[in-house]
file upload_14.tsv (TSV, C-alpha atoms)
chain	number	residue	atom	x	y	z
F	1	MET	CA	-131.07	-18.40	-2.84
F	2	ASP	CA	-132.93	-21.71	-2.77
F	3	ASP	CA	-129.99	-24.12	-2.44
F	4	ASP	CA	-131.99	-27.26	-3.22
F	5	MET	CA	-133.53	-25.80	-6.36
F	6	ALA	CA	-130.21	-24.35	-7.48
F	7	SER	CA	-128.60	-27.75	-7.02
F	8	ASP	CA	-131.35	-29.39	-9.09
F	9	VAL	CA	-130.83	-26.88	-11.90
F	10	ILE	CA	-127.05	-27.32	-11.98
F	11	GLU	CA	-127.45	-31.11	-11.96
F	12	SER	CA	-129.93	-30.87	-14.84
F	13	VAL	CA	-127.46	-28.74	-16.81
F	14	GLY	CA	-124.88	-31.49	-16.36
F	15	ASP	CA	-127.27	-34.28	-17.39
F	16	THR	CA	-128.40	-32.34	-20.46
F	17	THR	CA	-124.82	-31.66	-21.51
F	18	THR	CA	-123.95	-35.35	-21.11
F	19	ALA	CA	-126.87	-36.37	-23.34
F	20	LEU	CA	-125.79	-33.89	-26.01
F	21	GLN	CA	-122.19	-35.10	-25.85
F	22	GLU	CA	-123.38	-38.60	-26.70
F	23	VAL	CA	-125.30	-37.18	-29.65
F	24	GLU	CA	-122.08	-35.56	-30.88
F	25	LYS	CA	-120.40	-38.97	-30.93
F	26	SER	CA	-122.78	-39.88	-33.75
F	27	TYR	CA	-121.32	-37.13	-35.94
F	28	SER	CA	-118.99	-39.20	-38.12
F	29	GLU	CA	-121.54	-41.96	-38.56
F	30	CYS	CA	-124.29	-39.51	-39.43
F	31	LYS	CA	-122.01	-37.73	-41.87
F	32	GLU	CA	-121.37	-40.95	-43.77
F	33	THR	CA	-125.01	-42.00	-43.87
F	34	GLU	CA	-126.96	-41.11	-46.99
F	35	ASP	CA	-130.43	-42.43	-46.16
F	36	LEU	CA	-131.13	-40.20	-43.16
F	37	PRO	CA	-133.30	-37.09	-43.37
F	38	ASN	CA	-131.07	-34.05	-43.69
F	39	ALA	CA	-132.57	-32.71	-40.45
F	40	PHE	CA	-130.39	-35.09	-38.41
F	41	CYS	CA	-127.17	-33.51	-39.62
F	42	LYS	CA	-128.64	-30.00	-39.34
F	43	VAL	CA	-129.60	-30.71	-35.73
F	44	LEU	CA	-126.15	-32.10	-35.04
F	45	GLN	CA	-124.61	-28.83	-36.20
F	46	ARG	CA	-126.57	-26.96	-33.48
F	47	VAL	CA	-125.61	-29.20	-30.56
F	48	ASP	CA	-122.47	-27.21	-29.80
F	49	LEU	CA	-124.48	-23.97	-29.63
F	50	VAL	CA	-126.80	-25.48	-27.02
F	51	LYS	CA	-123.82	-26.74	-25.02
F	52	ARG	CA	-122.08	-23.36	-25.16
F	53	THR	CA	-125.21	-21.61	-23.92
F	54	LEU	CA	-125.58	-24.06	-21.04
F	55	GLN	CA	-121.93	-23.55	-20.15
F	56	TYR	CA	-122.44	-19.79	-20.19
F	57	PHE	CA	-125.50	-20.11	-17.95
F	58	SER	CA	-123.62	-22.37	-15.53
F	59	SER	CA	-120.72	-19.91	-15.30
F	60	HIS	CA	-123.11	-17.01	-14.78
F	61	VAL	CA	-125.00	-18.57	-11.88
F	62	SER	CA	-121.75	-19.49	-10.16
F	63	GLU	CA	-120.73	-15.81	-10.17
F	64	HIS	CA	-124.04	-14.08	-9.38
F	65	GLU	CA	-126.61	-14.37	-6.61
F	66	HIS	CA	-130.23	-15.00	-7.64
F	67	ASP	CA	-133.56	-15.17	-5.86
F	68	LYS	CA	-136.10	-17.97	-5.64
F	69	GLU	CA	-138.10	-16.67	-8.61
F	70	PHE	CA	-135.00	-16.91	-10.82
F	71	TRP	CA	-134.37	-20.52	-9.83
F	72	GLU	CA	-138.02	-21.50	-10.31
F	73	GLU	CA	-137.93	-20.16	-13.87
F	74	ALA	CA	-134.55	-21.78	-14.51
F	75	LYS	CA	-135.79	-25.14	-13.23
F	76	ALA	CA	-138.87	-25.06	-15.49
F	77	ASN	CA	-136.62	-24.29	-18.48
F	78	MET	CA	-134.11	-26.99	-17.59
F	79	ASP	CA	-136.78	-29.65	-17.02
F	80	ARG	CA	-137.99	-29.14	-20.60
F	81	CYS	CA	-134.47	-28.79	-21.94
F	82	GLU	CA	-133.22	-32.00	-20.33
F	83	GLN	CA	-136.18	-34.05	-21.59
F	84	ARG	CA	-135.78	-32.77	-25.13
F	85	ALA	CA	-132.04	-33.45	-25.08
F	86	LYS	CA	-132.65	-37.01	-23.90
F	87	ASN	CA	-135.24	-37.53	-26.65
F	88	VAL	CA	-132.74	-36.31	-29.26
F	89	GLN	CA	-130.20	-38.68	-27.73
F	90	VAL	CA	-132.62	-41.60	-28.08
F	91	LEU	CA	-133.40	-40.71	-31.70
F	92	PHE	CA	-129.74	-40.64	-32.68
F	93	ARG	CA	-129.03	-43.85	-30.79
F	94	LYS	CA	-131.95	-45.72	-32.35
F	95	VAL	CA	-131.97	-44.28	-35.87
F	96	VAL	CA	-128.42	-43.42	-36.98
F	97	PRO	CA	-126.68	-46.84	-36.69
F	98	ALA	CA	-127.00	-49.17	-39.69
F	99	ARG	CA	-129.37	-52.08	-39.04
F	100	ASN	CA	-131.62	-54.41	-41.02
F	101	LYS	CA	-134.73	-52.27	-40.54
F	102	SER	CA	-134.72	-49.01	-42.52
F	103	ARG	CA	-133.71	-45.84	-40.70
F	104	LEU	CA	-136.93	-44.06	-41.66
F	105	GLU	CA	-139.01	-46.89	-40.23
F	106	ARG	CA	-137.01	-46.86	-37.00
F	107	TYR	CA	-137.31	-43.08	-36.86
F	108	ARG	CA	-141.10	-43.28	-37.05
F	109	GLU	CA	-141.34	-46.02	-34.43
F	110	THR	CA	-138.99	-44.24	-32.01
F	111	ALA	CA	-140.77	-40.89	-32.34
F	112	LYS	CA	-144.09	-42.60	-31.54
F	113	THR	CA	-142.54	-44.30	-28.51
F	114	LEU	CA	-141.24	-40.97	-27.22
F	115	GLY	CA	-144.75	-39.54	-27.19
F	116	GLY	CA	-145.77	-38.68	-30.74
F	117	ILE	CA	-144.33	-37.91	-34.15
F	118	GLU	CA	-145.19	-34.22	-34.37
F	119	GLU	CA	-143.46	-33.17	-31.15
F	120	ASN	CA	-140.57	-35.63	-31.49
F	121	LYS	CA	-139.30	-34.91	-34.97
F	122	VAL	CA	-135.59	-34.34	-34.50
F	123	GLU	CA	-135.71	-30.76	-35.79
F	124	THR	CA	-138.73	-29.92	-33.59
F	125	LEU	CA	-136.89	-31.13	-30.50
F	126	MET	CA	-133.85	-29.03	-31.37
F	127	VAL	CA	-135.96	-25.93	-31.97
F	128	GLY	CA	-137.39	-26.47	-28.49
F	129	LEU	CA	-133.92	-26.96	-27.02
F	130	LEU	CA	-132.63	-23.77	-28.61
F	131	GLY	CA	-135.66	-21.89	-27.31
F	132	ASP	CA	-135.13	-23.25	-23.80
F	133	VAL	CA	-131.49	-22.22	-23.60
F	134	LYS	CA	-132.29	-18.86	-25.17
F	135	SER	CA	-134.72	-18.26	-22.31
F	136	LEU	CA	-132.01	-19.28	-19.84
F	137	ALA	CA	-129.56	-16.85	-21.41
F	138	GLY	CA	-132.17	-14.10	-21.18
F	139	THR	CA	-132.38	-14.56	-17.42
F	140	CYS	CA	-128.64	-13.87	-17.14
F	141	VAL	CA	-128.94	-10.18	-18.03
F	142	VAL	CA	-127.43	-8.17	-15.17
F	143	GLU	CA	-128.28	-4.72	-13.87
F	144	LEU	CA	-125.91	-2.07	-15.18
F	145	GLU	CA	-124.81	-0.14	-12.12
F	146	GLY	CA	-121.30	0.75	-13.08
F	147	PRO	CA	-118.77	-2.04	-13.68
F	148	MET	CA	-117.81	-2.37	-17.33
F	149	ALA	CA	-117.73	-6.16	-16.92
F	150	GLU	CA	-121.51	-6.19	-16.58
F	151	ALA	CA	-121.92	-4.26	-19.82
F	152	VAL	CA	-119.63	-6.73	-21.58
F	153	GLU	CA	-121.62	-9.66	-20.19
F	154	ASN	CA	-124.90	-8.22	-21.45
F	155	ILE	CA	-123.37	-7.76	-24.91
F	156	GLN	CA	-122.32	-11.42	-24.86
F	157	ILE	CA	-125.87	-12.44	-23.97
F	158	GLU	CA	-127.27	-10.33	-26.81
F	159	GLU	CA	-124.89	-11.89	-29.34
F	160	LEU	CA	-125.67	-15.37	-28.07
F	161	SER	CA	-129.41	-14.70	-28.32
F	162	LYS	CA	-129.02	-13.57	-31.94
F	163	GLU	CA	-127.11	-16.73	-32.78
F	164	LEU	CA	-129.80	-18.85	-31.13
F	165	SER	CA	-132.60	-17.02	-32.95
F	166	LYS	CA	-130.88	-17.55	-36.31
F	167	ALA	CA	-130.44	-21.26	-35.60
F	168	ILE	CA	-134.11	-21.58	-34.66
F	169	GLU	CA	-135.24	-19.87	-37.88
F	170	GLU	CA	-133.03	-22.10	-40.02
F	171	LEU	CA	-134.43	-25.27	-38.48
F	172	ILE	CA	-138.02	-24.05	-38.77
F	173	ASP	CA	-137.43	-23.52	-42.50
F	174	LEU	CA	-136.40	-27.15	-43.02
F	175	PRO	CA	-138.91	-29.48	-44.72
F	176	PRO	CA	-140.49	-31.89	-42.19
F	177	SER	CA	-138.23	-34.88	-41.63
F	178	LEU	CA	-141.17	-37.14	-40.81
F	179	SER	CA	-144.89	-37.10	-41.56
F	180	GLU	CA	-147.71	-38.17	-39.27
F	181	VAL	CA	-148.85	-40.83	-41.74
F	182	ALA	CA	-146.45	-43.22	-43.44
F	183	SER	CA	-146.79	-43.08	-47.22
F	184	GLU	CA	-147.54	-46.34	-48.97
F	185	ASN	CA	-144.83	-45.44	-51.47
F	186	SER	CA	-142.24	-43.67	-49.34
F	187	ILE	CA	-139.40	-42.57	-51.62
F	188	ASN	CA	-136.47	-40.54	-50.34
F	189	ASN	CA	-133.18	-39.51	-51.86
F	190	TRP	CA	-130.97	-37.76	-49.31
F	191	SER	CA	-127.87	-37.93	-51.52
F	192	ARG	CA	-126.91	-36.41	-54.89
F	193	GLY	CA	-127.36	-39.43	-57.12
F	194	THR	CA	-130.00	-39.88	-59.80
F	195	GLN	CA	-133.26	-41.29	-58.55
F	196	ASN	CA	-135.46	-43.23	-60.99
F	197	ILE	CA	-138.74	-44.48	-59.58
F	198	ASN	CA	-141.64	-46.44	-61.00
F	199	THR	CA	-144.34	-47.29	-58.47
F	200	GLY	CA	-146.84	-48.48	-61.08
F	201	ARG	CA	-147.01	-51.34	-63.54
F	202	GLY	CA	-145.80	-49.67	-66.70
F	203	THR	CA	-142.39	-49.91	-68.31
F	204	GLN	CA	-139.78	-47.51	-66.99
F	205	ASN	CA	-136.93	-46.37	-69.22
F	206	ASN	CA	-134.27	-43.98	-67.96
F	207	ASN	CA	-131.45	-42.28	-69.79
F	208	THR	CA	-129.12	-40.37	-67.48
F	209	SER	CA	-126.38	-39.85	-70.08
F	210	ASN	CA	-126.11	-37.72	-73.24
F	211	GLY	CA	-126.91	-40.37	-75.85
F	212	GLN	CA	-130.19	-40.77	-77.73
F	213	GLN	CA	-132.86	-43.00	-76.28
F	214	TYR	CA	-135.47	-44.80	-78.41
F	215	ILE	CA	-138.36	-46.38	-76.55
F	216	GLY	CA	-141.28	-48.35	-77.86
F	217	GLN	CA	-142.86	-51.77	-77.94
F	218	SER	CA	-142.92	-51.46	-81.72
F	219	GLN	CA	-140.80	-48.93	-83.58
F	220	THR	CA	-140.60	-48.09	-87.28
F	221	PHE	CA	-137.80	-45.91	-88.60
F	222	GLY	CA	-137.47	-44.06	-91.91
F	223	HIS	CA	-135.45	-46.80	-93.64
F	224	ASN	CA	-138.13	-49.39	-92.95
F	225	LEU	CA	-140.81	-47.09	-94.35
F	226	ASP	CA	-138.88	-46.79	-97.62
F	227	GLN	CA	-138.57	-50.55	-97.92
F	228	SER	CA	-142.32	-50.97	-97.33
F	229	ALA	CA	-143.11	-48.39	-100.00
F	230	LYS	CA	-140.99	-50.22	-102.60
F	231	LYS	CA	-142.90	-53.41	-101.97
call {"tool": "encode", "arguments": {"input": "upload_14.tsv", "output": "structure tokens"}}
result
Amino acid sequence: MDDDMASDVIESVGDTTTALQEVEKSYSECKETEDLPNAFCKVLQRVDLVKRTLQYFSSHVSEHEHDKEFWEEAKANMDRCEQRAKNVQVLFRKVVPARNKSRLERYRETAKTLGGIEENKVETLMVGLLGDVKSLAGTCVVELEGPMAEAVENIQIEELSKELSKAIEELIDLPPSLSEVASENSINNWSRGTQNINTGRGTQNNNTSNGQQYIGQSQTFGHNLDQSAKK
């Protein structure tokens, strides 16, 4: 075993977990916020799965011997995983709290600062994280030479991989939380309320109840027509 590389990997697991724990602290605030893209809360729901997989990986490597090739692959995975986790951490720290500047505007600026909008959308980062830890879990498969414990461990890995794959698919199916180009008229409604929007110059009249609505700059009703006819 390469002790230095193994130490680096274990340290990276700890740093990644710490970053994700800070993200979890945003849960209540994110839950109460209605002007955030839904992707933030969906990502938050997958943080625990990433942490559980990292914990599983950490327990596995403490109980099994591995060669240099294993640790090289694990380090490459953890380097990506840690960076993505820290980027998610920055997004939640910069975007979720209420401030004067709109959350969507802060989201766009922060994603650009992290290296680009496309690769730093919150759901894209989490898809990458889930893929990284899924690869780590895959390296934990043990050779079945007899002990039933090894068979049980491989079943656990298979179940974990299925859960990770499902989470990845669900996030991929989400509508993009941020576009490359900011719309001149960016209109978002992340809550359930009625949204009435007029981005032009014309009159806007909205009726969200059950009553009748009569609209017009000049209106003539049947009674008035009768009066005109008599004259």
call {"tool": "closest_residue", "arguments": {"input": "upload_14.tsv", "among": "F:Ile157, F:Val141, F:Val50, F:Leu130", "to": "F:Leu20", "atoms": "only C-alpha atoms"}}
result
F:Val50
call {"tool": "atom_distance", "arguments": {"input": "upload_14.tsv", "atom1": "atom CA of F:Glu159", "atom2": "atom CA of F:Gly138"}}
result
11.2 Å
call {"tool": "residues_around", "arguments": {"input": "upload_14.tsv", "residues": "F:Cys30", "least_positions_apart": "2", "cutoff": "10 Å", "atoms": "all atoms listed in the file", "output": "number ranges by chain"}}
result
F: 24-28, 32-36, 38, 40-41, 44, 92, 95-97
call {"tool": "atom_distance", "arguments": {"input": "upload_14.tsv", "atom1": "atom CA of F:Arg103", "atom2": "atom CA of F:Ser179"}}
result
14.2 Å
call {"tool": "atom_distance", "arguments": {"input": "upload_14.tsv", "atom1": "atom CA of F:Asp4", "atom2": "atom CA of F:Thr53"}}
result
22.5 Å
call {"tool": "closest_residue", "arguments": {"input": "upload_14.tsv", "among": "F:Val90, F:Leu125, F:Leu49, F:Met78", "to": "F:Ala167", "atoms": "all atoms listed in the file"}}
result
F:Leu49
call {"tool": "closest_residue", "arguments": {"input": "upload_14.tsv", "among": "F:Leu164, F:Val47, F:Ile117, F:Val133", "to": "F:Pro176", "atoms": "only C-alpha atoms"}}
result
F:Ile117
call {"tool": "residues_around", "arguments": {"input": "upload_14.tsv", "residues": "F:Pro175", "least_positions_apart": "2", "cutoff": "10 Å", "atoms": "all atoms listed in the file", "output": "PyMOL selection string"}}
result
chain F and resi 37-39+123+171-173+177-178
call {"tool": "residues_around", "arguments": {"input": "upload_14.tsv", "residues": "F:Gln55", "least_positions_apart": "5", "cutoff": "9 Å", "atoms": "all atoms listed in the file", "output": "MDAnalysis selection string"}}
result
chainID F and resid 13 17 50 60
call {"tool": "closest_residue", "arguments": {"input": "upload_14.tsv", "among": "F:Glu105, F:Glu22, F:Met5, F:Gln89", "to": "F:Ala76", "atoms": "all atoms listed in the file"}}
result
F:Met5
call {"tool": "residues_around", "arguments": {"input": "upload_14.tsv", "residues": "F:Ala85", "least_positions_apart": "2", "cutoff": "8 Å", "atoms": "only C-alpha atoms", "output": "PyMOL selection string"}}
result
chain F and resi 16+19-20+81-83+87-89+125-126+129
call {"tool": "write_last_selection", "arguments": {"input": "upload_14.tsv", "atoms": "C-alpha atoms", "output": "PDB file, in the coordinates of the input"}}
result
ATOM      1  CA  THR F  16    -128.400 -32.340 -20.460  1.00  0.00           C
ATOM      2  CA  ALA F  19    -126.870 -36.370 -23.340  1.00  0.00           C
ATOM      3  CA  LEU F  20    -125.790 -33.890 -26.010  1.00  0.00           C
ATOM      4  CA  CYS F  81    -134.470 -28.790 -21.940  1.00  0.00           C
ATOM      5  CA  GLU F  82    -133.220 -32.000 -20.330  1.00  0.00           C
ATOM      6  CA  GLN F  83    -136.180 -34.050 -21.590  1.00  0.00           C
ATOM      7  CA  ASN F  87    -135.240 -37.530 -26.650  1.00  0.00           C
ATOM      8  CA  VAL F  88    -132.740 -36.310 -29.260  1.00  0.00           C
ATOM      9  CA  GLN F  89    -130.200 -38.680 -27.730  1.00  0.00           C
ATOM     10  CA  LEU F 125    -136.890 -31.130 -30.500  1.00  0.00           C
ATOM     11  CA  MET F 126    -133.850 -29.030 -31.370  1.00  0.00           C
ATOM     12  CA  LEU F 129    -133.920 -26.960 -27.020  1.00  0.00           C
TER      13      LEU F 129
END
call {"tool": "residues_around", "arguments": {"input": "upload_14.tsv", "residues": "F:Ser62", "least_positions_apart": "5", "cutoff": "12 Å", "atoms": "only C-alpha atoms", "output": "VMD selection string"}}
result
chain F and resid 1 6 to 7 9 to 10 55 to 57 140
call {"tool": "closest_residue", "arguments": {"input": "upload_14.tsv", "among": "F:Lys162, F:Lys112, F:Arg99, F:Lys121", "to": "F:Ala137", "atoms": "all atoms listed in the file"}}
result
F:Lys162
call {"tool": "closest_residue", "arguments": {"input": "upload_14.tsv", "among": "F:Glu73, F:Val181, F:Thr18, F:Lys42", "to": "F:Lys86", "atoms": "all atoms listed in the file"}}
result
F:Thr18
